[in-house]
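Undergrad: Coordinates in target_38.txt, compact mmCIF, C-alpha atoms, are listed below.
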# COMPACT_ATOMS: atom_id res chain seq x y z
CA MET T 833 -12.23 28.34 -138.78
CA ASP T 834 -10.48 31.70 -138.27
CA ARG T 835 -6.74 31.75 -138.48
CA THR T 836 -5.28 32.60 -135.06
CA ARG T 837 -1.84 34.13 -134.52
CA LEU T 838 0.16 35.37 -131.56
CA VAL T 839 1.95 38.58 -132.54
CA LEU T 840 4.42 40.50 -130.40
CA GLY T 841 4.65 44.27 -130.71
CA ALA T 842 7.37 46.49 -129.26
CA MET T 843 7.61 50.26 -129.01
CA THR T 844 10.08 52.83 -127.70
CA GLY T 845 8.44 56.24 -128.03
CA THR T 846 9.75 59.73 -128.62
CA SER T 847 9.79 60.42 -124.88
CA ILE T 848 12.62 57.83 -124.63
CA ASP T 849 11.47 56.70 -121.20
CA GLY T 850 11.31 52.92 -121.66
CA ILE T 851 10.38 49.99 -123.85
CA ASP T 852 6.83 48.62 -123.96
CA LEU T 853 5.96 45.18 -125.33
CA ALA T 854 2.69 43.37 -125.86
CA VAL T 855 1.48 40.06 -127.24
CA ALA T 856 -1.83 40.09 -129.10
CA ARG T 857 -3.98 37.14 -130.08
CA ILE T 858 -5.20 37.84 -133.59
CA ALA T 859 -8.22 35.92 -134.83
CA GLY T 860 -9.07 36.21 -138.50
CA THR T 861 -7.24 38.15 -141.18
CA GLY T 862 -7.27 41.56 -142.82
CA LEU T 863 -9.89 44.10 -141.81
CA SER T 864 -12.07 41.33 -140.37
CA MET T 865 -9.50 40.45 -137.71
CA ARG T 866 -10.24 40.66 -134.02
CA ALA T 867 -7.49 41.36 -131.52
CA GLU T 868 -7.26 40.75 -127.81
CA PRO T 869 -4.34 41.43 -125.46
CA VAL T 870 -2.52 38.44 -124.01
CA ALA T 871 0.39 39.92 -122.07
CA PHE T 872 2.25 43.19 -121.51
CA ARG T 873 5.69 44.14 -120.27
CA SER T 874 7.53 47.42 -119.74
CA ALA T 875 11.18 47.96 -118.90
CA PRO T 876 13.55 50.91 -118.54
CA LEU T 877 16.06 51.73 -121.25
CA GLY T 878 18.87 52.00 -118.72
CA GLU T 879 22.15 53.25 -120.12
CA LEU T 880 20.61 53.36 -123.58
CA ALA T 881 18.36 56.29 -122.66
CA PRO T 882 20.97 59.07 -122.65
CA ARG T 883 22.58 57.65 -125.79
CA LEU T 884 19.25 57.55 -127.62
CA ARG T 885 18.35 61.01 -126.37
CA ALA T 886 21.64 62.38 -127.67
CA ALA T 887 20.93 60.83 -131.08
CA ALA T 888 17.41 62.30 -131.12
CA ASP T 889 18.86 65.68 -130.13
CA GLN T 890 21.06 65.44 -133.25
CA ALA T 891 24.34 65.21 -131.33
CA PRO T 892 27.06 64.30 -133.85
CA ALA T 893 28.76 60.92 -133.46
CA PRO T 894 30.85 58.53 -135.58
CA ALA T 895 28.95 56.02 -137.69
CA GLY T 896 30.26 53.22 -135.50
CA GLU T 897 28.53 54.68 -132.46
CA PHE T 898 25.19 54.76 -134.27
CA ALA T 899 25.69 51.17 -135.43
CA ALA T 900 26.52 50.04 -131.89
CA LEU T 901 23.52 51.91 -130.49
CA ALA T 902 21.15 50.26 -133.00
CA ARG T 903 22.56 46.83 -132.11
CA ASP T 904 22.39 47.44 -128.36
CA LEU T 905 18.78 48.53 -128.73
CA GLY T 906 18.09 45.35 -130.69
CA LEU T 907 19.65 43.26 -127.93
CA LEU T 908 17.44 44.98 -125.35
CA HIS T 909 14.37 44.25 -127.49
CA ALA T 910 15.45 40.61 -127.75
CA ARG T 911 15.95 40.20 -123.99
CA GLU T 912 12.67 41.85 -123.07
CA ALA T 913 10.70 40.03 -125.76
CA ALA T 914 12.06 36.67 -124.61
CA ALA T 915 11.27 37.56 -121.00
CA LEU T 916 7.67 38.46 -121.88
CA VAL T 917 7.18 35.20 -123.77
CA ARG T 918 8.55 33.22 -120.82
CA GLU T 919 6.46 35.11 -118.25
CA ALA T 920 3.29 34.55 -120.25
CA ALA T 921 4.09 30.84 -120.71
CA ILE T 922 3.74 31.23 -124.47
CA ASP T 923 5.16 28.39 -126.51
CA ARG T 924 6.09 30.69 -129.36
CA VAL T 925 4.97 33.77 -131.22
CA ASP T 926 4.21 33.78 -134.94
CA LEU T 927 5.45 37.29 -135.72
CA ALA T 928 7.23 40.21 -134.06
CA SER T 929 6.41 43.75 -135.17
CA LEU T 930 8.96 46.37 -134.06
CA HIS T 931 8.80 50.14 -134.18
CA GLY T 932 12.39 51.15 -133.37
CA GLN T 933 13.46 54.46 -131.85
CA THR T 934 12.63 57.58 -133.80
CA VAL T 935 15.77 59.70 -133.78
CA PHE T 936 14.80 61.86 -136.77
CA HIS T 937 11.51 62.59 -138.51
CA ARG T 938 11.25 65.25 -141.17
CA PRO T 939 9.36 63.74 -144.12
CA PRO T 940 10.32 62.39 -146.51
CA THR T 941 13.27 61.51 -144.26
CA SER T 942 12.73 59.48 -141.11
CA TRP T 943 14.80 57.06 -139.05
CA GLN T 944 13.40 54.53 -136.58
CA MET T 945 16.74 53.22 -135.34
CA LEU T 946 16.90 49.49 -134.54
CA CYS T 947 18.88 46.41 -135.46
CA ALA T 948 16.10 43.81 -135.43
CA HIS T 949 18.14 40.67 -136.10
CA PRO T 950 18.69 39.86 -132.39
CA VAL T 951 14.89 39.65 -131.98
CA ALA T 952 14.57 37.22 -134.88
CA ALA T 953 17.37 35.13 -133.36
CA ALA T 954 15.85 35.17 -129.87
CA LEU T 955 12.25 34.39 -130.83
CA GLY T 956 12.79 32.28 -133.95
CA CYS T 957 9.96 34.03 -135.78
CA ASP T 958 9.54 36.45 -138.66
CA VAL T 959 10.08 40.12 -137.82
CA VAL T 960 8.56 43.14 -139.54
CA LEU T 961 9.93 46.63 -139.03
CA ASP T 962 10.15 50.02 -140.72
CA LEU T 963 6.40 50.15 -141.25
CA ARG T 964 6.67 53.87 -142.04
CA GLY T 965 9.11 53.62 -144.91
CA HIS T 966 6.80 52.68 -147.77
CA ASP T 967 4.31 55.44 -146.99
CA LEU T 968 7.15 57.96 -146.93
CA ALA T 969 8.42 56.66 -150.26
CA ALA T 970 4.91 56.99 -151.73
CA GLY T 971 4.60 60.66 -150.71
CA GLY T 972 3.02 60.35 -147.25
CA GLU T 973 4.21 61.62 -143.88
CA GLY T 974 4.75 58.10 -142.54
CA ALA T 975 2.73 59.01 -139.45
CA PRO T 976 0.56 58.53 -137.61
CA LEU T 977 0.13 54.83 -138.36
CA THR T 978 -1.90 53.69 -135.35
CA PRO T 979 -5.37 54.88 -136.57
CA LEU T 980 -6.13 51.60 -138.36
CA ALA T 981 -5.17 49.61 -135.25
CA ASP T 982 -7.28 51.98 -133.12
CA TRP T 983 -10.22 51.06 -135.35
CA VAL T 984 -9.57 47.34 -134.86
CA LEU T 985 -9.56 47.75 -131.07
CA PHE T 986 -11.94 50.58 -130.24
CA ARG T 987 -14.58 51.07 -132.95
CA ALA T 988 -18.08 51.58 -131.56
CA PRO T 989 -21.58 52.73 -132.63
CA MET T 990 -20.63 56.34 -131.78
CA PRO T 991 -17.69 58.43 -133.03
CA ARG T 992 -14.70 58.24 -130.71
CA ALA T 993 -11.32 59.92 -130.43
CA VAL T 994 -8.40 57.76 -129.33
CA VAL T 995 -5.61 59.94 -127.96
CA ASN T 996 -2.05 58.84 -127.35
CA LEU T 997 -0.27 61.00 -124.79
CA GLY T 998 3.27 59.97 -125.59
CA GLY T 999 6.29 62.04 -126.51
CA PHE T 1000 3.88 63.70 -128.93
CA ALA T 1001 0.11 63.66 -128.63
CA ASN T 1002 -1.75 62.20 -131.57
CA ALA T 1003 -5.41 61.47 -132.04
CA THR T 1004 -7.51 59.13 -134.14
CA LEU T 1005 -11.11 59.99 -134.97
CA LEU T 1006 -13.08 56.79 -135.43
CA PRO T 1007 -16.40 57.03 -137.28
CA ALA T 1008 -19.51 55.41 -135.87
CA SER T 1009 -19.29 51.71 -136.69
CA ALA T 1010 -22.12 49.39 -137.74
CA GLY T 1011 -20.30 46.45 -136.14
CA PRO T 1012 -18.39 43.52 -137.64
CA ALA T 1013 -21.35 41.49 -138.89
CA ALA T 1014 -23.97 44.05 -139.88
CA GLY T 1015 -25.35 44.71 -143.34
CA PRO T 1016 -24.68 43.35 -146.81
CA ASP T 1017 -21.24 43.28 -148.45
CA PRO T 1018 -19.33 43.34 -145.15
CA ASP T 1019 -15.93 43.76 -146.79
CA ASP T 1020 -17.06 46.85 -148.71
CA ARG T 1021 -18.67 48.24 -145.58
CA LEU T 1022 -15.49 47.73 -143.53
CA ARG T 1023 -13.41 49.48 -146.17
CA ALA T 1024 -15.86 52.37 -146.23
CA GLU T 1025 -15.50 52.72 -142.45
CA VAL T 1026 -11.72 52.63 -142.71
CA ALA T 1027 -11.80 55.31 -145.39
CA ALA T 1028 -13.63 57.59 -142.94
CA ILE T 1029 -10.97 57.30 -140.23
CA ARG T 1030 -9.05 60.51 -139.58
CA GLY T 1031 -5.99 61.14 -137.46
CA ALA T 1032 -3.07 63.46 -136.94
CA ASP T 1033 -0.29 64.43 -134.58
CA LEU T 1034 -1.51 67.24 -132.33
CA CYS T 1035 1.42 68.73 -130.42
CA ALA T 1036 4.40 67.90 -128.25
CA CYS T 1037 3.38 66.22 -125.00
CA ASN T 1038 5.71 64.17 -122.77
CA GLN T 1039 8.64 65.29 -124.89
CA LEU T 1040 8.14 68.77 -123.47
CA LEU T 1041 6.83 67.82 -120.01
CA ASP T 1042 9.73 65.44 -119.41
CA ARG T 1043 12.26 68.03 -120.56
CA ALA T 1044 10.79 70.45 -118.03
CA ALA T 1045 10.96 67.82 -115.28
CA ARG T 1046 14.60 67.04 -116.06
CA SER T 1047 15.38 70.75 -115.98
CA VAL T 1048 13.77 71.67 -112.65
CA LEU T 1049 13.37 68.38 -110.77
CA GLY T 1050 16.47 66.54 -111.93
CA ARG T 1051 14.24 63.54 -112.68
CA ASP T 1052 13.30 61.89 -115.96
CA TYR T 1053 9.63 62.80 -115.52
CA ASP T 1054 7.08 64.14 -113.05
CA ALA T 1055 5.48 60.89 -111.85
CA ASP T 1056 1.69 61.08 -112.21
CA GLY T 1057 2.03 64.86 -112.50
CA ALA T 1058 2.46 65.13 -108.71
CA ALA T 1059 4.68 68.22 -108.81
CA ALA T 1060 2.53 69.91 -111.46
CA ALA T 1061 -0.58 69.32 -109.34
CA ALA T 1062 0.94 71.48 -106.58
CA GLY T 1063 1.84 74.35 -108.91
CA ARG T 1064 0.10 77.47 -110.19
CA ARG T 1065 -0.14 78.56 -113.81
CA ASP T 1066 1.97 81.51 -114.88
CA GLY T 1067 -0.11 83.60 -117.28
CA SER T 1068 2.56 84.99 -119.57
CA ALA T 1069 4.46 81.71 -119.86
CA PHE T 1070 1.19 79.89 -120.54
CA GLU T 1071 0.27 82.26 -123.37
CA GLU T 1072 3.73 81.96 -124.91
CA LEU T 1073 3.61 78.16 -124.86
CA GLU T 1074 0.05 78.16 -126.22
CA ALA T 1075 1.29 80.08 -129.23
CA LEU T 1076 4.21 77.70 -129.72
CA LEU T 1077 1.89 74.69 -129.56
CA ALA T 1078 -0.61 76.11 -132.05
CA PRO T 1079 -1.05 73.74 -135.01
CA ARG T 1080 0.82 74.46 -138.20
CA PRO T 1081 -1.55 74.07 -141.19
CA ALA T 1082 1.00 72.26 -143.36
CA ALA T 1083 2.07 69.76 -140.70
CA ARG T 1084 0.46 66.33 -140.36
CA SER T 1085 3.24 64.67 -138.37
CA LEU T 1086 5.70 66.12 -135.92
CA GLY T 1087 9.41 65.65 -135.42
CA THR T 1088 11.60 65.78 -132.34
CA GLY T 1089 10.02 68.74 -130.51
CA ASP T 1090 13.31 70.41 -129.66
CA GLU T 1091 11.99 73.74 -130.95
CA LEU T 1092 9.98 73.95 -127.70
CA PHE T 1093 12.89 73.34 -125.37
CA GLY T 1094 13.79 77.04 -125.50
CA TRP T 1095 10.55 77.78 -123.64
CA VAL T 1096 11.76 75.60 -120.76
CA ASP T 1097 15.19 77.22 -120.78
CA ARG T 1098 13.67 80.73 -120.70
CA HIS T 1099 11.22 80.18 -117.86
CA ALA T 1100 12.92 77.60 -115.62
CA PRO T 1101 15.20 80.20 -113.96
CA ARG T 1102 12.32 82.51 -112.99
CA LEU T 1103 9.49 80.13 -112.06
CA ALA T 1104 9.19 77.77 -109.13
CA PRO T 1105 9.58 74.17 -110.33
CA ALA T 1106 5.96 73.24 -109.61
CA ASP T 1107 4.71 76.38 -111.35
CA LEU T 1108 6.76 75.66 -114.48
CA LEU T 1109 5.42 72.10 -114.63
CA ALA T 1110 1.83 73.21 -113.97
CA THR T 1111 2.03 75.83 -116.70
CA ALA T 1112 3.45 73.36 -119.19
CA ALA T 1113 0.78 70.74 -118.40
CA ASP T 1114 -2.03 73.29 -118.66
CA ALA T 1115 -0.83 74.58 -122.03
CA VAL T 1116 -0.28 71.11 -123.51
CA GLY T 1117 -3.65 69.91 -122.19
CA ALA T 1118 -5.45 72.97 -123.56
CA ALA T 1119 -3.88 72.46 -126.99
CA ILE T 1120 -4.91 68.81 -127.06
CA GLY T 1121 -8.41 69.52 -125.73
CA ARG T 1122 -9.09 72.25 -128.29
CA ALA T 1123 -8.04 69.91 -131.07
CA LEU T 1124 -10.39 67.21 -129.76
CA ALA T 1125 -13.28 69.67 -129.50
CA GLY T 1126 -13.10 70.21 -133.23
CA LEU T 1127 -13.20 66.53 -134.16
CA GLY T 1128 -16.85 65.81 -133.40
CA ALA T 1129 -16.13 62.84 -131.14
CA ARG T 1130 -18.50 62.01 -128.30
CA GLU T 1131 -15.85 60.37 -126.13
CA ALA T 1132 -12.05 60.47 -125.84
CA ILE T 1133 -10.03 57.41 -124.90
CA LEU T 1134 -6.68 58.38 -123.38
CA ALA T 1135 -3.59 56.21 -123.48
CA GLY T 1136 0.18 56.56 -123.24
CA GLY T 1137 2.37 57.62 -120.33
CA GLY T 1138 0.71 61.04 -120.12
CA ALA T 1139 -2.67 59.48 -119.33
CA ARG T 1140 -1.44 59.07 -115.73
CA HIS T 1141 -0.66 62.80 -115.43
CA ALA T 1142 -3.61 64.11 -113.41
CA ARG T 1143 -3.25 67.79 -114.27
CA LEU T 1144 -2.78 67.06 -117.96
CA ARG T 1145 -5.90 64.84 -118.01
CA GLY T 1146 -7.94 67.55 -116.33
CA ALA T 1147 -6.78 70.23 -118.75
CA ILE T 1148 -7.67 68.00 -121.72
CA ALA T 1149 -11.16 67.19 -120.44
CA SER T 1150 -11.86 70.83 -119.61
CA ALA T 1151 -10.85 72.12 -123.04
CA ALA T 1152 -12.43 69.24 -125.00
CA GLY T 1153 -15.84 69.35 -123.30
CA ILE T 1154 -16.39 65.57 -123.72
CA PRO T 1155 -15.80 62.60 -121.40
CA ALA T 1156 -12.15 61.51 -121.30
CA VAL T 1157 -11.67 57.90 -120.15
CA SER T 1158 -8.70 55.58 -119.88
CA SER T 1159 -7.89 52.84 -122.38
CA ALA T 1160 -7.53 50.61 -119.32
CA ASP T 1161 -11.33 50.71 -119.08
CA PHE T 1162 -11.28 48.63 -122.30
CA GLY T 1163 -8.66 46.13 -121.11
CA VAL T 1164 -5.73 47.96 -122.74
CA PRO T 1165 -3.20 49.37 -120.23
CA GLU T 1166 -2.43 53.02 -120.88
CA GLN T 1167 1.27 52.29 -121.29
CA GLY T 1168 0.67 49.21 -123.44
CA ARG T 1169 -1.62 50.54 -126.17
CA GLU T 1170 1.02 51.45 -128.74
CA ALA T 1171 2.90 48.16 -128.36
CA LEU T 1172 -0.38 46.24 -128.69
CA GLU T 1173 -1.35 48.26 -131.74
CA TRP T 1174 2.06 47.76 -133.32
CA ALA T 1175 1.40 44.02 -133.06
CA ILE T 1176 -1.93 44.56 -134.83
CA LEU T 1177 -0.27 46.62 -137.57
CA GLY T 1178 2.29 43.88 -138.07
CA ALA T 1179 -0.50 41.33 -138.51
CA LEU T 1180 -2.30 43.60 -140.99
CA ALA T 1181 0.94 44.06 -142.94
CA ASP T 1182 1.40 40.28 -142.89
CA ASP T 1183 -2.03 40.02 -144.54
CA GLY T 1184 -1.09 42.52 -147.24
CA GLU T 1185 -3.26 45.36 -145.95
CA GLU T 1186 -2.22 48.96 -146.49
CA ILE T 1187 -1.69 50.09 -142.90
CA ALA T 1188 -1.03 53.76 -143.70
CA LEU T 1189 -4.27 55.57 -144.50
CA PRO T 1190 -4.00 58.27 -147.21
CA ALA T 1191 -6.48 60.56 -145.42
CA VAL T 1192 -4.26 60.42 -142.33
CA THR T 1193 -0.70 60.48 -143.66
CA GLY T 1194 -1.37 62.65 -146.70
CA ARG T 1195 -0.21 60.03 -149.18
CA PRO T 1196 -1.72 60.48 -152.66
CA VAL T 1197 -4.69 58.14 -152.95
CA THR T 1198 -3.30 56.78 -156.20
CA ALA T 1199 -0.07 55.64 -154.52
CA ALA T 1200 0.03 52.28 -152.77
CA SER T 1201 1.66 51.94 -149.36
CA LEU T 1202 3.15 48.47 -149.19
CA PRO T 1203 3.87 46.55 -145.96
CA GLY T 1204 7.12 46.89 -144.03
CA THR T 1205 10.57 45.40 -144.21
CA TRP T 1206 10.78 41.73 -143.28
CA ILE T 1207 13.31 39.49 -141.62
CA ARG T 1208 12.33 35.89 -142.28
CA SER T 1209 13.37 33.46 -139.59
CA ARG T 1210 12.22 29.85 -139.91
CA GLN T 1211 14.51 28.32 -137.30
CA ARG T 1212 13.20 27.77 -133.80
CA SER T 1213 15.26 29.60 -131.22
CA ASN T 1214 16.77 27.83 -128.23
CA LEU T 1215 17.08 31.10 -126.28
CA LEU T 1216 13.62 30.85 -124.77
What do you get writing this file as structure tokens?

TA:
Amino acid sequence: MDRTRLVLGAMTGTSIDGIDLAVARIAGTGLSMRAEPVAFRSAPLGELAPRLRAAADQAPAPAGEFAALARDLGLLHAREAAALVREAAIDRVDLASLHGQTVFHRPPTSWQMLCAHPVAAALGCDVVLDLRGHDLAAGGEGAPLTPLADWVLFRAPMPRAVVNLGGFANATLLPASAGPAAGPDPDDRLRAEVAAIRGADLCACNQLLDRAARSVLGRDYDADGAAAAAGRRDGSAFEELEALLAPRPAARSLGTGDELFGWVDRHAPRLAPADLLATAADAVGAAIGRALAGLGAREAILAGGGARHARLRGAIASAAGIPAVSSADFGVPEQGREALEWAILGALADDGEEIALPAVTGRPVTAASLPGTWIRSRQRSNLL
């Protein structure tokens, strides 16, 4: 009988617009596992948002402030995780897999800020975090890590691209799959499929669009792209941003995106708010779509907060020239995909699988990427 686990995943992305949590039911182990979503929850970051944004913007602060911020973020994770478990009437989870907040990423240095001990105390289960660290230490970029989880969830008989429209846009190219039970030597076949997975960060996405919305709307983001939908593209600003978003050959993973904020500062005073937002969405969507067009996928699955941005979706589909559908069509809410996949990555790490793929992160194939950092908690919590 397959081993079955309930694994909680939690994610706060580079757009710093909230915390997303998911519980996955994992049947089986290793590359043969099957995952299905059980429950999702999202919550705002509240007063933590400006503090985290300041840290990501490299604002100097005493060490004590960083320590307090990491702990406060851990307490928020603990409260929201416990609330999700209660809402879903789950007796207990077997593992929690936590991403933390990226406040700096310039390989080989990266920091996903989080004090995870409050989560272990609240849930009474093992916790795994810092899943990027070993790949970085072995010479990789530490990102993106979700391609292997994309394969667990979305592999199909045709090649697919899975696109996360978060603070940064990243894409996974999944090869055509023969299915979980086909052919001889299934383990070798699965590993051959995994070796063919490709993925990379594409360009800034919500990180830039949200900065523009804060600048001209005074709001954290342009909900569903409503303001952008009413705007008109400005040709010169579009061309300038296109050039800024053009891929850099040496870059596999992207950092904080603040190098693009100057574009917002230059054009916000002269463009109508809707026109600035429309221009930004068109340029970001064109950059993402062009990247997808070169991948050879026959379908793109969109997820992340940007998947609800109508103008961005349209620009992506137009430039890519392939159908672009929502992850919700596969039972995975657009906002919940990364949290669900972080739960899957935690389970894979628990099984001793190398979750960072050398062809994706650039790690030398001779260097092993070990699982993450663990907090072992064998005492049942009474906080649930």

Undergrad: Using all atoms listed in the file, pick whichever of T:Gly1184, T:Gly841, T:Gly965, T:Pro1007 has the shortest atom-to-atom distance to T:Leu1127.

TA: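 Comparing T:Gly1184, T:Gly841, T:Gly965, T:Pro1007 against T:Leu1127, the winner is T:Pro1007.
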
Undergrad: Determine, counting all atoms listed in the file, which protein, DNA and RNA residues have an atom within 10 Å of an atom of stretch 1108-1115 of chain T; residues of the same chain fewer than 2 positions away are not included. Present the result as a short mmCIF file (atom, residue, chain, number, x, y, z; two decimals) with C-alpha atoms, keeping the file's coordinate frame.

TA:
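Result written to around-v2.cif:
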data_model
loop_
_atom_site.label_atom_id
_atom_site.label_comp_id
_atom_site.auth_asym_id
_atom_site.auth_seq_id
_atom_site.Cartn_x
_atom_site.Cartn_y
_atom_site.Cartn_z
CA CYS T 1037 3.38 66.22 -125.00
CA ASN T 1038 5.71 64.17 -122.77
CA LEU T 1040 8.14 68.77 -123.47
CA LEU T 1041 6.83 67.82 -120.01
CA ASP T 1042 9.73 65.44 -119.41
CA ARG T 1043 12.26 68.03 -120.56
CA ALA T 1044 10.79 70.45 -118.03
CA ALA T 1045 10.96 67.82 -115.28
CA VAL T 1048 13.77 71.67 -112.65
CA LEU T 1049 13.37 68.38 -110.77
CA ASP T 1054 7.08 64.14 -113.05
CA GLY T 1057 2.03 64.86 -112.50
CA ALA T 1058 2.46 65.13 -108.71
CA ALA T 1059 4.68 68.22 -108.81
CA ALA T 1060 2.53 69.91 -111.46
CA ALA T 1061 -0.58 69.32 -109.34
CA ALA T 1062 0.94 71.48 -106.58
CA GLY T 1063 1.84 74.35 -108.91
CA ARG T 1064 0.10 77.47 -110.19
CA ARG T 1065 -0.14 78.56 -113.81
CA ASP T 1066 1.97 81.51 -114.88
CA GLY T 1067 -0.11 83.60 -117.28
CA SER T 1068 2.56 84.99 -119.57
CA ALA T 1069 4.46 81.71 -119.86
CA PHE T 1070 1.19 79.89 -120.54
CA GLU T 1071 0.27 82.26 -123.37
CA GLU T 1072 3.73 81.96 -124.91
CA LEU T 1073 3.61 78.16 -124.86
CA GLU T 1074 0.05 78.16 -126.22
CA ALA T 1075 1.29 80.08 -129.23
CA LEU T 1076 4.21 77.70 -129.72
CA LEU T 1077 1.89 74.69 -129.56
CA TRP T 1095 10.55 77.78 -123.64
CA VAL T 1096 11.76 75.60 -120.76
CA HIS T 1099 11.22 80.18 -117.86
CA ALA T 1100 12.92 77.60 -115.62
CA PRO T 1101 15.20 80.20 -113.96
CA ARG T 1102 12.32 82.51 -112.99
CA LEU T 1103 9.49 80.13 -112.06
CA ALA T 1104 9.19 77.77 -109.13
CA PRO T 1105 9.58 74.17 -110.33
CA ALA T 1106 5.96 73.24 -109.61
CA GLY T 1117 -3.65 69.91 -122.19
CA ALA T 1118 -5.45 72.97 -123.56
CA ALA T 1119 -3.88 72.46 -126.99
CA ILE T 1120 -4.91 68.81 -127.06
CA GLY T 1121 -8.41 69.52 -125.73
CA GLY T 1138 0.71 61.04 -120.12
CA HIS T 1141 -0.66 62.80 -115.43
CA ALA T 1142 -3.61 64.11 -113.41
CA ARG T 1143 -3.25 67.79 -114.27
CA LEU T 1144 -2.78 67.06 -117.96
CA ARG T 1145 -5.90 64.84 -118.01
CA GLY T 1146 -7.94 67.55 -116.33
CA ALA T 1147 -6.78 70.23 -118.75
CA ILE T 1148 -7.67 68.00 -121.72
CA ALA T 1151 -10.85 72.12 -123.04
#

Undergrad: List every residue of stretch 836-885 of chain T that has an atom at most 12 Å from any atom of stretch 926-949 of chain T, and for each one report the closest atom pair and its distance in Å to one decimal, counting all atoms listed in the file, with rows sorted by chain and then by increasing residue number, as a tab-separated table.

TA:
residue	atom	partner	partner_atom	distance
T:Thr836	CA	T:Asp926	CA	9.6
T:Arg837	CA	T:Asp926	CA	6.1
T:Leu838	CA	T:Asp926	CA	5.5
T:Val839	CA	T:Leu927	CA	4.9
T:Leu840	CA	T:Ala928	CA	4.6
T:Gly841	CA	T:Ser929	CA	4.8
T:Ala842	CA	T:Leu930	CA	5.1
T:Met843	CA	T:His931	CA	5.3
T:Thr844	CA	T:Gln933	CA	5.6
T:Gly845	CA	T:Gln933	CA	6.6
T:Thr846	CA	T:Thr934	CA	6.3
T:Ser847	CA	T:Thr934	CA	9.8
T:Ile848	CA	T:Gln933	CA	8.0
T:Asp849	CA	T:Gln933	CA	11.1
T:Gly850	CA	T:Gln933	CA	10.5
T:Ile851	CA	T:Gln933	CA	9.7
T:Asp852	CA	T:His931	CA	10.5
T:Leu853	CA	T:Leu930	CA	9.3
T:Ala854	CA	T:Ala928	CA	9.9
T:Val855	CA	T:Ala928	CA	8.9
T:Ala856	CA	T:Leu927	CA	10.2
T:Arg857	CA	T:Asp926	CA	10.1
T:Ile858	CA	T:Asp926	CA	10.3
T:Leu877	CA	T:Gln933	CA	11.3
T:Leu880	CA	T:Gln933	CA	11.0
T:Ala881	CA	T:Gln933	CA	10.6
T:Arg883	CA	T:Val935	CA	10.7
T:Leu884	CA	T:Val935	CA	7.4
T:Arg885	CA	T:Val935	CA	8.0

Undergrad: Suppose we keep C-alpha atoms; can you now write the selection as a PDB file, in the frame of the given file?

TA:
ATOM      1  CA  THR T 836      -5.280  32.600-135.060  1.00  0.00           C
ATOM      2  CA  ARG T 837      -1.840  34.130-134.520  1.00  0.00           C
ATOM      3  CA  LEU T 838       0.160  35.370-131.560  1.00  0.00           C
ATOM      4  CA  VAL T 839       1.950  38.580-132.540  1.00  0.00           C
ATOM      5  CA  LEU T 840       4.420  40.500-130.400  1.00  0.00           C
ATOM      6  CA  GLY T 841       4.650  44.270-130.710  1.00  0.00           C
ATOM      7  CA  ALA T 842       7.370  46.490-129.260  1.00  0.00           C
ATOM      8  CA  MET T 843       7.610  50.260-129.010  1.00  0.00           C
ATOM      9  CA  THR T 844      10.080  52.830-127.700  1.00  0.00           C
ATOM     10  CA  GLY T 845       8.440  56.240-128.030  1.00  0.00           C
ATOM     11  CA  THR T 846       9.750  59.730-128.620  1.00  0.00           C
ATOM     12  CA  SER T 847       9.790  60.420-124.880  1.00  0.00           C
ATOM     13  CA  ILE T 848      12.620  57.830-124.630  1.00  0.00           C
ATOM     14  CA  ASP T 849      11.470  56.700-121.200  1.00  0.00           C
ATOM     15  CA  GLY T 850      11.310  52.920-121.660  1.00  0.00           C
ATOM     16  CA  ILE T 851      10.380  49.990-123.850  1.00  0.00           C
ATOM     17  CA  ASP T 852       6.830  48.620-123.960  1.00  0.00           C
ATOM     18  CA  LEU T 853       5.960  45.180-125.330  1.00  0.00           C
ATOM     19  CA  ALA T 854       2.690  43.370-125.860  1.00  0.00           C
ATOM     20  CA  VAL T 855       1.480  40.060-127.240  1.00  0.00           C
ATOM     21  CA  ALA T 856      -1.830  40.090-129.100  1.00  0.00           C
ATOM     22  CA  ARG T 857      -3.980  37.140-130.080  1.00  0.00           C
ATOM     23  CA  ILE T 858      -5.200  37.840-133.590  1.00  0.00           C
ATOM     24  CA  LEU T 877      16.060  51.730-121.250  1.00  0.00           C
ATOM     25  CA  LEU T 880      20.610  53.360-123.580  1.00  0.00           C
ATOM     26  CA  ALA T 881      18.360  56.290-122.660  1.00  0.00           C
ATOM     27  CA  ARG T 883      22.580  57.650-125.790  1.00  0.00           C
ATOM     28  CA  LEU T 884      19.250  57.550-127.620  1.00  0.00           C
ATOM     29  CA  ARG T 885      18.350  61.010-126.370  1.00  0.00           C
TER      30      ARG T 885
END

Undergrad: In the coordinate frame of the file, compute which residues have an atom within 10 Å of (9.8, 39.5, -120.5) when using all atoms listed in the file, and state them as a list in words.

TA: Leu853, Ala854, Ala871, Phe872, Arg873, Ser874, Ala875, His909, Ala910, Arg911, Glu912, Ala913, Ala914, Ala915, Leu916, Val917, Arg918, Glu919 and Ala920 of chain T

Undergrad: Kindly give the distance, in Å, that separates atom CA of T:Val1157 and atom CA of T:Trp1174, rounded to a single decimal.

TA: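 Interatomic distance here is 21.6 Å.
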
Undergrad: Taking only C-alpha atoms into account, name the residue in T:Arg1130, T:Gly878, T:Leu985, T:Ser864 that is nearest to T:Asp1052.

TA: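 Counting only C-alpha atoms, the residue closest to T:Asp1052 is T:Gly878.
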
Undergrad: To box stretch 952-968 of chain T, take all atoms listed in the file, fit an axis-aligned box, add 4 Å on each side, and give centre and edge lengths in Å to one decimal, as JSON.

TA:
{"center_x": 10.8, "center_y": 45.1, "center_z": -138.8, "size_x": 21.1, "size_y": 33.7, "size_z": 25.9}
